[in-house]
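Asks: To start, I am sharing the structure in question, which I have written as structure tokens.
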Amino acid sequence: MVIVYGAMTLAGGSTNINVLITFGAKVNALVQQGEWWRLVTPIFLHIGFTHILMNMITLYFVGMQIEAAFGHTRFLIMFLVAGIGGNVASFCFSDSLSAGASTAIFGLFGAFLMLGESFWQNPVIRQLARTFLAFVVMNIAFDVFTPGIDMAGHLGGLVAGFLIAYTVGVPRIGKVSMVKRVIATVVLVGGLIFLYLQGMAA
């Protein structure tokens with residue numbers, strides 16, 4: 001992400017609309033024309049220094065805990081799927097150009113909520129889940145009153161992260177019900193396909 005940000009800066013600036021589009025920001029009209037990769041590439045783009053700084057700080061502290069719980073591979077899968085899920089939701093519900101790792105980061109918040117639901121009897125996990133639930137509520141409230149924030153992307157990433165966390169499981173902590181894993185996978189895949197088709201038909 002930092003390398004991409006540097007390349008964007010050299011190309012004309014990460015806040016330049018043309019640069020953002022060139023590097024793969026989500027633009028609904030272009031996705032509808034077949035550039036589906038714009039549902040993936042926005043995860044690695046940021047609009048301005050403050051944007052990337054805040055996301056990197058959040059990713060470091062939240063990601064460290066999630067990676068410790070799920071492992072490297074599962075963490076990467078959850079990060080990417082949540083980011084894509086958020087971008088698909090944004091594609092369906094928002095016409096604005098969007099970019100940033102926030103969709104994926106909200107997915108990590110969703111993974112924390114999944115841990116809280118599945119392992120509520122663990123006092124440490126229970127406290128962390130409560131803390132992150134409060135953090136999510138505050139962020140959503142902030143989104144409501146801040147213009148230019150892609151709330152659809154954030155909520156989509158949150159839900160996708162919650163569901164994909166069930167799909168990949170948490171063997172380092174305990175066993176997750178197979179029924180929950182199957183239901184989460186079906187809802188996630190079905191939801192993404194539905195939202196993508198809705199966005200294409202808009």
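Ligands are numbered from 1 in the order shown, residues from 1 within each chain, and chains are lettered A, B, ... in the order they appear in the structure tokens.
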Within 12 Å of stretch 12-23 of chain A, counting only C-alpha atoms, which residues show up once you throw out same-chain ones fewer than 6 positions away? Write them as an MDAnalysis selection string, please.

Replies: chainID A and resid 1:6 29:31 35 37:38 40:52 96:100

Asks: For the residues in that selection, give me C-alpha atoms as a PDB file, in the first residue's frame.

Replies:
ATOM      1  CA  MET A   1       0.000   0.000   0.000  1.00  0.00           C
ATOM      2  CA  VAL A   2       2.824   2.379   0.854  1.00  0.00           C
ATOM      3  CA  ILE A   3       4.581   1.564  -2.432  1.00  0.00           C
ATOM      4  CA  VAL A   4       1.363   2.169  -4.369  1.00  0.00           C
ATOM      5  CA  TYR A   5       0.844   5.445  -2.490  1.00  0.00           C
ATOM      6  CA  GLY A   6       4.367   6.520  -3.443  1.00  0.00           C
ATOM      7  CA  ALA A  29     -19.480   2.988 -14.753  1.00  0.00           C
ATOM      8  CA  LEU A  30     -16.110   1.349 -15.442  1.00  0.00           C
ATOM      9  CA  VAL A  31     -16.981  -1.738 -13.399  1.00  0.00           C
ATOM     10  CA  GLU A  35     -13.391  -3.626 -15.318  1.00  0.00           C
ATOM     11  CA  TRP A  37     -10.812  -5.657 -10.922  1.00  0.00           C
ATOM     12  CA  ARG A  38     -11.876  -2.247  -9.627  1.00  0.00           C
ATOM     13  CA  VAL A  40     -10.217  -5.408  -5.713  1.00  0.00           C
ATOM     14  CA  THR A  41      -7.670  -2.674  -6.450  1.00  0.00           C
ATOM     15  CA  PRO A  42      -9.269   0.046  -4.246  1.00  0.00           C
ATOM     16  CA  ILE A  43      -8.116  -1.901  -1.178  1.00  0.00           C
ATOM     17  CA  PHE A  44      -4.536  -0.852  -1.963  1.00  0.00           C
ATOM     18  CA  LEU A  45      -5.212   2.809  -2.806  1.00  0.00           C
ATOM     19  CA  HIS A  46      -5.564   5.810  -0.511  1.00  0.00           C
ATOM     20  CA  ILE A  47      -6.727   9.371  -1.018  1.00  0.00           C
ATOM     21  CA  GLY A  48      -4.237  11.673   0.674  1.00  0.00           C
ATOM     22  CA  PHE A  49      -1.599  11.228   3.402  1.00  0.00           C
ATOM     23  CA  THR A  50      -4.011  11.399   6.343  1.00  0.00           C
ATOM     24  CA  HIS A  51      -6.103   8.616   4.813  1.00  0.00           C
ATOM     25  CA  ILE A  52      -3.221   6.167   4.467  1.00  0.00           C
ATOM     26  CA  SER A  96     -19.166   7.770  -5.704  1.00  0.00           C
ATOM     27  CA  LEU A  97     -15.569   7.054  -6.624  1.00  0.00           C
ATOM     28  CA  SER A  98     -13.983   5.216  -3.701  1.00  0.00           C
ATOM     29  CA  ALA A  99     -10.635   3.847  -2.595  1.00  0.00           C
ATOM     30  CA  GLY A 100      -8.949   2.757   0.611  1.00  0.00           C
TER      31      GLY A 100
END

Asks: Please, which residues of stretch 35-114 of chain A, numbered as in this document, come out alpha helix (DSSP H) from DSSP, as a PyMOL selection string?

Replies: chain A and resi 49-70+72-93+102-114

Asks: Looking at A:Asp143, A:Phe112, A:Pro123, A:Thr131, which one is nearest to A:Ala68, with distances taken over only C-alpha atoms?

Replies: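 That would be A:Phe112, the residue with the smallest distance to A:Ala68.
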
Asks: With only C-alpha atoms counted and 12 Å as the cut-off, give the residues of stretch 19-127 of chain A in contact with stretch 162-183 of chain A, each with its shortest interatomic distance in Å and the pair that gives it, as JSON lines.

Replies:
{"residue": "A:Ile66", "atom": "CA", "partner": "A:Ala165", "partner_atom": "CA", "distance": 10.1}
{"residue": "A:Glu67", "atom": "CA", "partner": "A:Val170", "partner_atom": "CA", "distance": 10.5}
{"residue": "A:Ala68", "atom": "CA", "partner": "A:Arg172", "partner_atom": "CA", "distance": 8.6}
{"residue": "A:Ala69", "atom": "CA", "partner": "A:Arg172", "partner_atom": "CA", "distance": 6.2}
{"residue": "A:Phe70", "atom": "CA", "partner": "A:Val170", "partner_atom": "CA", "distance": 5.4}
{"residue": "A:Gly71", "atom": "CA", "partner": "A:Arg172", "partner_atom": "CA", "distance": 7.8}
{"residue": "A:His72", "atom": "CA", "partner": "A:Arg172", "partner_atom": "CA", "distance": 11.6}
{"residue": "A:Thr73", "atom": "CA", "partner": "A:Val168", "partner_atom": "CA", "distance": 9.6}
{"residue": "A:Arg74", "atom": "CA", "partner": "A:Val168", "partner_atom": "CA", "distance": 6.3}
{"residue": "A:Phe75", "atom": "CA", "partner": "A:Ala165", "partner_atom": "CA", "distance": 8.9}
{"residue": "A:Leu76", "atom": "CA", "partner": "A:Val168", "partner_atom": "CA", "distance": 10.8}
{"residue": "A:Ile77", "atom": "CA", "partner": "A:Val168", "partner_atom": "CA", "distance": 8.2}
{"residue": "A:Met78", "atom": "CA", "partner": "A:Ile164", "partner_atom": "CA", "distance": 6.0}
{"residue": "A:Phe79", "atom": "CA", "partner": "A:Ile164", "partner_atom": "CA", "distance": 9.3}
{"residue": "A:Leu80", "atom": "CA", "partner": "A:Ile164", "partner_atom": "CA", "distance": 10.1}
{"residue": "A:Val81", "atom": "CA", "partner": "A:Ile164", "partner_atom": "CA", "distance": 7.2}
{"residue": "A:Ala82", "atom": "CA", "partner": "A:Ile164", "partner_atom": "CA", "distance": 7.5}
{"residue": "A:Gly83", "atom": "CA", "partner": "A:Ile164", "partner_atom": "CA", "distance": 11.1}
{"residue": "A:Ile84", "atom": "CA", "partner": "A:Ile164", "partner_atom": "CA", "distance": 11.5}
{"residue": "A:Gly85", "atom": "CA", "partner": "A:Ile164", "partner_atom": "CA", "distance": 9.9}
{"residue": "A:Gly86", "atom": "CA", "partner": "A:Phe162", "partner_atom": "CA", "distance": 11.8}
{"residue": "A:Ala104", "atom": "CA", "partner": "A:Phe162", "partner_atom": "CA", "distance": 11.1}
{"residue": "A:Ile105", "atom": "CA", "partner": "A:Phe162", "partner_atom": "CA", "distance": 11.5}
{"residue": "A:Phe106", "atom": "CA", "partner": "A:Phe162", "partner_atom": "CA", "distance": 9.3}
{"residue": "A:Gly107", "atom": "CA", "partner": "A:Phe162", "partner_atom": "CA", "distance": 6.6}
{"residue": "A:Leu108", "atom": "CA", "partner": "A:Phe162", "partner_atom": "CA", "distance": 7.9}
{"residue": "A:Phe109", "atom": "CA", "partner": "A:Phe162", "partner_atom": "CA", "distance": 7.8}
{"residue": "A:Gly110", "atom": "CA", "partner": "A:Phe162", "partner_atom": "CA", "distance": 4.1}
{"residue": "A:Ala111", "atom": "CA", "partner": "A:Phe162", "partner_atom": "CA", "distance": 4.8}
{"residue": "A:Phe112", "atom": "CA", "partner": "A:Phe162", "partner_atom": "CA", "distance": 7.7}
{"residue": "A:Leu113", "atom": "CA", "partner": "A:Phe162", "partner_atom": "CA", "distance": 6.7}
{"residue": "A:Met114", "atom": "CA", "partner": "A:Phe162", "partner_atom": "CA", "distance": 5.5}
{"residue": "A:Leu115", "atom": "CA", "partner": "A:Ala165", "partner_atom": "CA", "distance": 8.2}
{"residue": "A:Gly116", "atom": "CA", "partner": "A:Phe162", "partner_atom": "CA", "distance": 10.5}
{"residue": "A:Glu117", "atom": "CA", "partner": "A:Phe162", "partner_atom": "CA", "distance": 10.0}
{"residue": "A:Ser118", "atom": "CA", "partner": "A:Val176", "partner_atom": "CA", "distance": 6.9}
{"residue": "A:Phe119", "atom": "CA", "partner": "A:Gly174", "partner_atom": "CA", "distance": 7.9}
{"residue": "A:Trp120", "atom": "CA", "partner": "A:Gly174", "partner_atom": "CA", "distance": 11.6}
{"residue": "A:Gln121", "atom": "CA", "partner": "A:Gly174", "partner_atom": "CA", "distance": 11.5}
{"residue": "A:Asn122", "atom": "CA", "partner": "A:Ile173", "partner_atom": "CA", "distance": 9.8}
{"residue": "A:Val124", "atom": "CA", "partner": "A:Ile173", "partner_atom": "CA", "distance": 11.7}
{"residue": "A:Ile125", "atom": "CA", "partner": "A:Ile173", "partner_atom": "CA", "distance": 10.0}

Asks: If I take atom CA of A:Met138 and atom CA of A:Gly161, how far is one from the other in Å, to one decimal?

Replies: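 Those two atoms sit 18.0 Å apart.
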
Asks: Nearest to A:Gly157: which of A:Leu53, A:Val137, A:Val186, A:Ala101 is it, counting only C-alpha atoms?

Replies: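 Of A:Leu53, A:Val137, A:Val186, A:Ala101, the one nearest A:Gly157, counting only C-alpha atoms, is A:Ala101.
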
Asks: Report the residues of chain A whose backbone DSSP state falls under strand (DSSP E or B), written as a list in words.

Replies: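 Everything in chain A that counts as strand (DSSP E or B) is Lys26, Ser98, Val170 and Gly174 of chain A.
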
Asks: What does the distance between atom CA of A:Ala25 and atom CA of A:Ser94 come to in Å, to one decimal place?

Replies: 13.3 Å

Asks: What does the distance between atom CA of A:Asn28 and atom CA of A:Asn139 come to in Å, to one decimal place?

Replies: 24.8 Å
